[in-house]
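Below is one structure, written out as structure tokens; comments come after it.
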Amino acid sequence: MSAGRNSSKSGLFLIELIVAIVFFAVASANCIQLFVGAHMLSKSSSDLNMAVTVAQNTAECFKLTGGSVEELSALLSGEPGADGKTLTVYYDGSWQSTSRENAKYHVFITLGGTERLPSAMIAVSKQPAGELVYEITAEKYMP
Amino acid sequence: MSGKRSTGINVGGSSILVIFVLLCLTTFATLSMVSANADYKLTQKASEAVSNYYAADCLAEEKLAQIDGLLAQSYTADADQYYASSAAALATVEGVSVSRAGADMQISYTIPASETQELSVVLTTAHPASAAEPRYVRTAWNIVSTVQHDTEGDTLNLWDGDEDLQLFIP
């Protein structure tokens with residue numbers, strides 16, 4: 001009779017353990033989903049933060065050079081476009097200037113406006129998909 | 001009579017353990033998500049503020065171009081009556097105010113940046129010696145708040161510099 005009672009208790013314990021494990025597996029999957037979501041959101045936030053900083057730096061460099069592609073290219077270590085109106089600057093994962101091959105992000109600058117009032121559209125995007133992260137337009141009056 | 005043998009973990013012990021672990025896991029996961037969300041919202045607000053600033057900056061540069069054009073025209077038309085003709089020409093530009101500051105003339109205007117901020121621009125213009133000389137100097141170009149803060153009440157009782165109150169008597 002004692003052996004029967006022990007066997008019954010072991011069976012009950014095993015069933016409880018199985019139910020607990022299944023419940024834990026389902027609930028922890030949801031929790032891990034939350035962790036992953038938080039991590040992705042944090043990455044997006046970091047990308048946006050750095051993109052804003054880089055775009056601001058680029059805008060101020062543009063204002064300093066007054067819209068000259070050559071000067072801007074030398075200042076930012078960028079690649080001028082064939083039309084002479086665009087410039088691309090490449091950045092790696094740590095937002096350091098790098099070559100096109102190692103780039104994780106790029107800043108595409110489109111120059112326009114007039115001689116007295118040049119403008120620059122600055123777009124920060126991810127490589128290689130080209131997903132736009134941040135964009136601003138800057139102008140500078142040259143008297 | 002032999003003593004009772006220990007049966008190890010009792011029924012219900014593992015359930016309590018699982019519940020405790022899941023509680024901790026859920027708490028940390030929720031905290032992570034809330035913290036990341038709050039950080040992202042803050043970053044978005046910062047990016048909006050920068051976008052607003054540059055949008056206002058572009059408009060301010062365009063208005064500056066317009067003002068400088070009028071100043072150049074006034075100087076070319078009548079250099080002797082430069083200030084008077086400039087002031088008259090600038091009076092036609094919306095949102096621009098002109099005032100005399102000694103021997104110089106101050107031109108100021110504002111461009112709205114957001115609901116609570118505006119870009120305030122102040123230019124100081126001296127009488128140029130020739131048409132090629134610069135006609136203005138940017139004295140101020142900054143964001144100012146348009147919200148009036150109510151400072152009455154709800155302030156700490158700070159010392160206002162009254163020397164009558166002696167805290168230390170030698």
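Residue numbering restarts at 1 in every chain; chains get A, B, ... in the order shown in the structure tokens, and ligands count up from 1 in that same order.
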
Contacts of Ser51 (chain B) at 9 Å (only C-alpha atoms; same-chain gap of 5+ positions) as a list in words: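 Non-adjacent residues within range: Val52, Glu135, Ile136 and Thr137 of chain A; Ala46 and Ala56 of chain B.
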
DSSP-assigned strand (DSSP E) among region 14-161 of chain B, expressed as an MDAnalysis selection string: chainID B and resid 97:101 104:112 117:125 137:145

Quick one: write out the picked residues with N, CA, C and O atoms as a tab-separated table (two decimals), in the first residue's frame?
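And here's result00.tsv as it stands now:
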chain	number	residue	atom	x	y	z
B	97	SER	N	11.24	94.06	-38.36
B	97	SER	CA	11.18	95.33	-37.65
B	97	SER	C	12.56	95.97	-37.68
B	97	SER	O	13.58	95.28	-37.62
B	98	VAL	N	12.57	97.29	-37.77
B	98	VAL	CA	13.82	98.03	-37.90
B	98	VAL	C	13.90	99.03	-36.75
B	98	VAL	O	12.90	99.68	-36.42
B	99	SER	N	15.09	99.13	-36.14
B	99	SER	CA	15.27	100.12	-35.07
B	99	SER	C	16.68	100.68	-35.16
B	99	SER	O	17.59	100.03	-35.68
B	100	ARG	N	16.85	101.90	-34.68
B	100	ARG	CA	18.16	102.51	-34.69
B	100	ARG	C	18.84	102.20	-33.36
B	100	ARG	O	18.25	102.31	-32.30
B	101	ALA	N	20.11	101.81	-33.45
B	101	ALA	CA	20.91	101.52	-32.24
B	101	ALA	C	22.17	102.37	-32.35
B	101	ALA	O	23.20	101.91	-32.86
B	104	ASP	N	24.20	102.65	-35.72
B	104	ASP	CA	23.84	101.50	-36.54
B	104	ASP	C	22.33	101.34	-36.61
B	104	ASP	O	21.57	102.02	-35.91
B	105	MET	N	21.94	100.41	-37.45
B	105	MET	CA	20.51	100.08	-37.59
B	105	MET	C	20.35	98.60	-37.29
B	105	MET	O	21.16	97.78	-37.72
B	106	GLN	N	19.33	98.26	-36.51
B	106	GLN	CA	19.10	96.85	-36.19
B	106	GLN	C	17.84	96.36	-36.89
B	106	GLN	O	16.80	96.99	-36.83
B	107	ILE	N	18.01	95.23	-37.56
B	107	ILE	CA	16.88	94.61	-38.26
B	107	ILE	C	16.60	93.29	-37.56
B	107	ILE	O	17.53	92.49	-37.35
B	108	SER	N	15.36	93.06	-37.20
B	108	SER	CA	15.05	91.81	-36.51
B	108	SER	C	13.78	91.19	-37.07
B	108	SER	O	12.87	91.90	-37.50
B	109	TYR	N	13.78	89.86	-37.06
B	109	TYR	CA	12.58	89.12	-37.47
B	109	TYR	C	12.62	87.75	-36.82
B	109	TYR	O	13.65	87.31	-36.31
B	110	THR	N	11.47	87.10	-36.79
B	110	THR	CA	11.39	85.78	-36.19
B	110	THR	C	10.71	84.83	-37.17
B	110	THR	O	9.85	85.22	-37.95
B	111	ILE	N	11.12	83.56	-37.09
B	111	ILE	CA	10.51	82.51	-37.91
B	111	ILE	C	10.01	81.43	-36.95
B	111	ILE	O	10.79	80.94	-36.14
B	112	PRO	N	8.74	81.07	-37.00
B	112	PRO	CA	8.25	80.02	-36.09
B	112	PRO	C	8.92	78.68	-36.39
B	112	PRO	O	9.05	78.28	-37.55
B	117	GLN	N	8.43	77.30	-29.91
B	117	GLN	CA	9.73	77.92	-30.16
B	117	GLN	C	9.72	78.69	-31.47
B	117	GLN	O	8.95	78.39	-32.38
B	118	GLU	N	10.61	79.69	-31.56
B	118	GLU	CA	10.79	80.42	-32.80
B	118	GLU	C	12.26	80.80	-32.95
B	118	GLU	O	12.99	80.91	-31.96
B	119	LEU	N	12.67	80.96	-34.22
B	119	LEU	CA	14.04	81.35	-34.51
B	119	LEU	C	14.09	82.86	-34.57
B	119	LEU	O	13.43	83.49	-35.39
B	120	SER	N	14.87	83.46	-33.68
B	120	SER	CA	14.96	84.91	-33.60
B	120	SER	C	16.25	85.36	-34.29
B	120	SER	O	17.34	84.88	-33.97
B	121	VAL	N	16.11	86.27	-35.24
B	121	VAL	CA	17.27	86.76	-35.99
B	121	VAL	C	17.40	88.26	-35.78
B	121	VAL	O	16.42	89.00	-35.91
B	122	VAL	N	18.61	88.70	-35.45
B	122	VAL	CA	18.88	90.13	-35.31
B	122	VAL	C	20.11	90.44	-36.15
B	122	VAL	O	21.15	89.80	-36.02
B	123	LEU	N	19.96	91.41	-37.05
B	123	LEU	CA	21.08	91.83	-37.89
B	123	LEU	C	21.43	93.27	-37.53
B	123	LEU	O	20.55	94.09	-37.32
B	124	THR	N	22.72	93.54	-37.47
B	124	THR	CA	23.17	94.91	-37.25
B	124	THR	C	23.80	95.39	-38.53
B	124	THR	O	24.69	94.74	-39.09
B	125	THR	N	23.32	96.50	-39.01
B	125	THR	CA	23.85	97.03	-40.26
B	125	THR	C	24.45	98.41	-40.05
B	125	THR	O	23.83	99.28	-39.44
B	137	VAL	N	25.74	92.41	-40.19
B	137	VAL	CA	26.43	91.42	-39.37
B	137	VAL	C	25.35	90.68	-38.59
B	137	VAL	O	24.43	91.29	-38.05
B	138	ARG	N	25.46	89.36	-38.54
B	138	ARG	CA	24.47	88.57	-37.79
B	138	ARG	C	24.78	88.71	-36.29
B	138	ARG	O	25.74	88.14	-35.81
B	139	THR	N	23.94	89.46	-35.61
B	139	THR	CA	24.15	89.67	-34.18
B	139	THR	C	23.54	88.53	-33.35
B	139	THR	O	24.09	88.13	-32.33
B	140	ALA	N	22.39	88.06	-33.79
B	140	ALA	CA	21.74	86.96	-33.07
B	140	ALA	C	21.05	86.05	-34.07
B	140	ALA	O	20.48	86.51	-35.05
B	141	TRP	N	21.14	84.74	-33.81
B	141	TRP	CA	20.49	83.74	-34.68
B	141	TRP	C	20.24	82.54	-33.80
B	141	TRP	O	21.00	81.58	-33.79
B	142	ASN	N	19.18	82.59	-33.00
B	142	ASN	CA	18.98	81.52	-32.03
B	142	ASN	C	17.51	81.23	-31.79
B	142	ASN	O	16.64	82.04	-32.07
B	143	ILE	N	17.30	80.04	-31.24
B	143	ILE	CA	15.94	79.60	-30.92
B	143	ILE	C	15.54	80.18	-29.57
B	143	ILE	O	16.30	80.10	-28.60
B	144	VAL	N	14.34	80.78	-29.52
B	144	VAL	CA	13.82	81.28	-28.25
B	144	VAL	C	12.45	80.65	-28.00
B	144	VAL	O	11.75	80.26	-28.93
B	145	SER	N	12.12	80.58	-26.74
B	145	SER	CA	10.84	79.99	-26.37
B	145	SER	C	9.74	81.04	-26.48
B	145	SER	O	9.93	82.20	-26.13

How close does chain A get to chain B? List, as JSON lines, each residue of chain A within 7 Å, its nearest atom pair and the distance in Å to one decimal, counting only C-alpha atoms.
{"residue": "A:Phe13", "atom": "CA", "partner": "B:Val11", "partner_atom": "CA", "distance": 5.4}
{"residue": "A:Leu17", "atom": "CA", "partner": "B:Ser14", "partner_atom": "CA", "distance": 6.5}
{"residue": "A:Ala20", "atom": "CA", "partner": "B:Ser15", "partner_atom": "CA", "distance": 6.0}
{"residue": "A:Phe24", "atom": "CA", "partner": "B:Val18", "partner_atom": "CA", "distance": 6.6}
{"residue": "A:Cys31", "atom": "CA", "partner": "B:Ala29", "partner_atom": "CA", "distance": 5.8}
{"residue": "A:Leu34", "atom": "CA", "partner": "B:Ala29", "partner_atom": "CA", "distance": 5.7}
{"residue": "A:Phe35", "atom": "CA", "partner": "B:Ala29", "partner_atom": "CA", "distance": 5.5}
{"residue": "A:Ala38", "atom": "CA", "partner": "B:Met33", "partner_atom": "CA", "distance": 4.6}
{"residue": "A:Leu41", "atom": "CA", "partner": "B:Ala36", "partner_atom": "CA", "distance": 6.0}
{"residue": "A:Ser42", "atom": "CA", "partner": "B:Ala36", "partner_atom": "CA", "distance": 5.4}
{"residue": "A:Ser45", "atom": "CA", "partner": "B:Tyr40", "partner_atom": "CA", "distance": 4.9}
{"residue": "A:Leu48", "atom": "CA", "partner": "B:Thr43", "partner_atom": "CA", "distance": 7.0}
{"residue": "A:Asn49", "atom": "CA", "partner": "B:Thr43", "partner_atom": "CA", "distance": 6.1}
{"residue": "A:Val52", "atom": "CA", "partner": "B:Ser47", "partner_atom": "CA", "distance": 6.2}
{"residue": "A:Ile136", "atom": "CA", "partner": "B:Ser51", "partner_atom": "CA", "distance": 6.2}
{"residue": "A:Thr137", "atom": "CA", "partner": "B:Tyr54", "partner_atom": "CA", "distance": 6.7}
{"residue": "A:Ala138", "atom": "CA", "partner": "B:Cys58", "partner_atom": "CA", "distance": 6.0}
{"residue": "A:Glu139", "atom": "CA", "partner": "B:Cys58", "partner_atom": "CA", "distance": 5.2}
{"residue": "A:Lys140", "atom": "CA", "partner": "B:Glu61", "partner_atom": "CA", "distance": 6.0}
{"residue": "A:Tyr141", "atom": "CA", "partner": "B:Glu61", "partner_atom": "CA", "distance": 5.7}

What's around region 129-132 of chain A at 12 Å? Count only C-alpha atoms, leave out sequence neighbours fewer than 2 positions away in its own chain, and write the answer as an mmCIF file with C-alpha atoms, in the first residue's frame.
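out.cif, freshly written:
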data_model
loop_
_atom_site.group_PDB
_atom_site.id
_atom_site.type_symbol
_atom_site.label_atom_id
_atom_site.label_comp_id
_atom_site.auth_asym_id
_atom_site.auth_seq_id
_atom_site.Cartn_x
_atom_site.Cartn_y
_atom_site.Cartn_z
ATOM 1 C CA SER A 44 16.514 51.913 -34.031
ATOM 2 C CA ASP A 47 20.586 54.629 -35.359
ATOM 3 C CA LEU A 48 18.236 57.637 -35.376
ATOM 4 C CA ALA A 51 21.827 59.853 -37.977
ATOM 5 C CA VAL A 52 20.566 63.157 -36.554
ATOM 6 C CA ALA A 103 29.749 50.859 -45.316
ATOM 7 C CA LYS A 104 26.754 50.180 -43.086
ATOM 8 C CA TYR A 105 25.262 53.666 -43.550
ATOM 9 C CA HIS A 106 25.606 56.393 -46.152
ATOM 10 C CA VAL A 107 24.799 60.087 -46.316
ATOM 11 C CA PHE A 108 23.558 61.289 -49.690
ATOM 12 C CA ILE A 122 20.927 65.585 -46.674
ATOM 13 C CA ALA A 123 19.570 62.039 -46.417
ATOM 14 C CA VAL A 124 21.006 59.424 -44.043
ATOM 15 C CA SER A 125 20.219 55.853 -45.063
ATOM 16 C CA LYS A 126 21.150 52.304 -44.149
ATOM 17 C CA GLN A 127 23.162 50.071 -46.460
ATOM 18 C CA TYR A 134 16.743 60.745 -41.303
ATOM 19 C CA GLU A 135 16.580 63.673 -43.723
ATOM 20 C CA ILE A 136 16.983 67.460 -43.483
#

Residue neighbourhood region 67-80 of chain A, 12 Å, only C-alpha atoms, exclusion window fewer than 4 positions, as a ChimeraX atom specification: /A:54-55,57-63,84-91,96-100,106-121,138-142

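Rounded to one decimal, CA of Gly81 (chain A) and CA of Ser94 (chain A) lie 24.6 Å from each other.
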
Residue list (alpha helix (DSSP H), DSSP) for region 63-128 of chain A, as a list in words: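 Result set for region 63-128 of chain A (alpha helix (DSSP H)): Lys63, Leu64, Thr65, Val69, Glu70, Glu71, Leu72, Ser73, Ala74, Leu75 and Leu76 of chain A.
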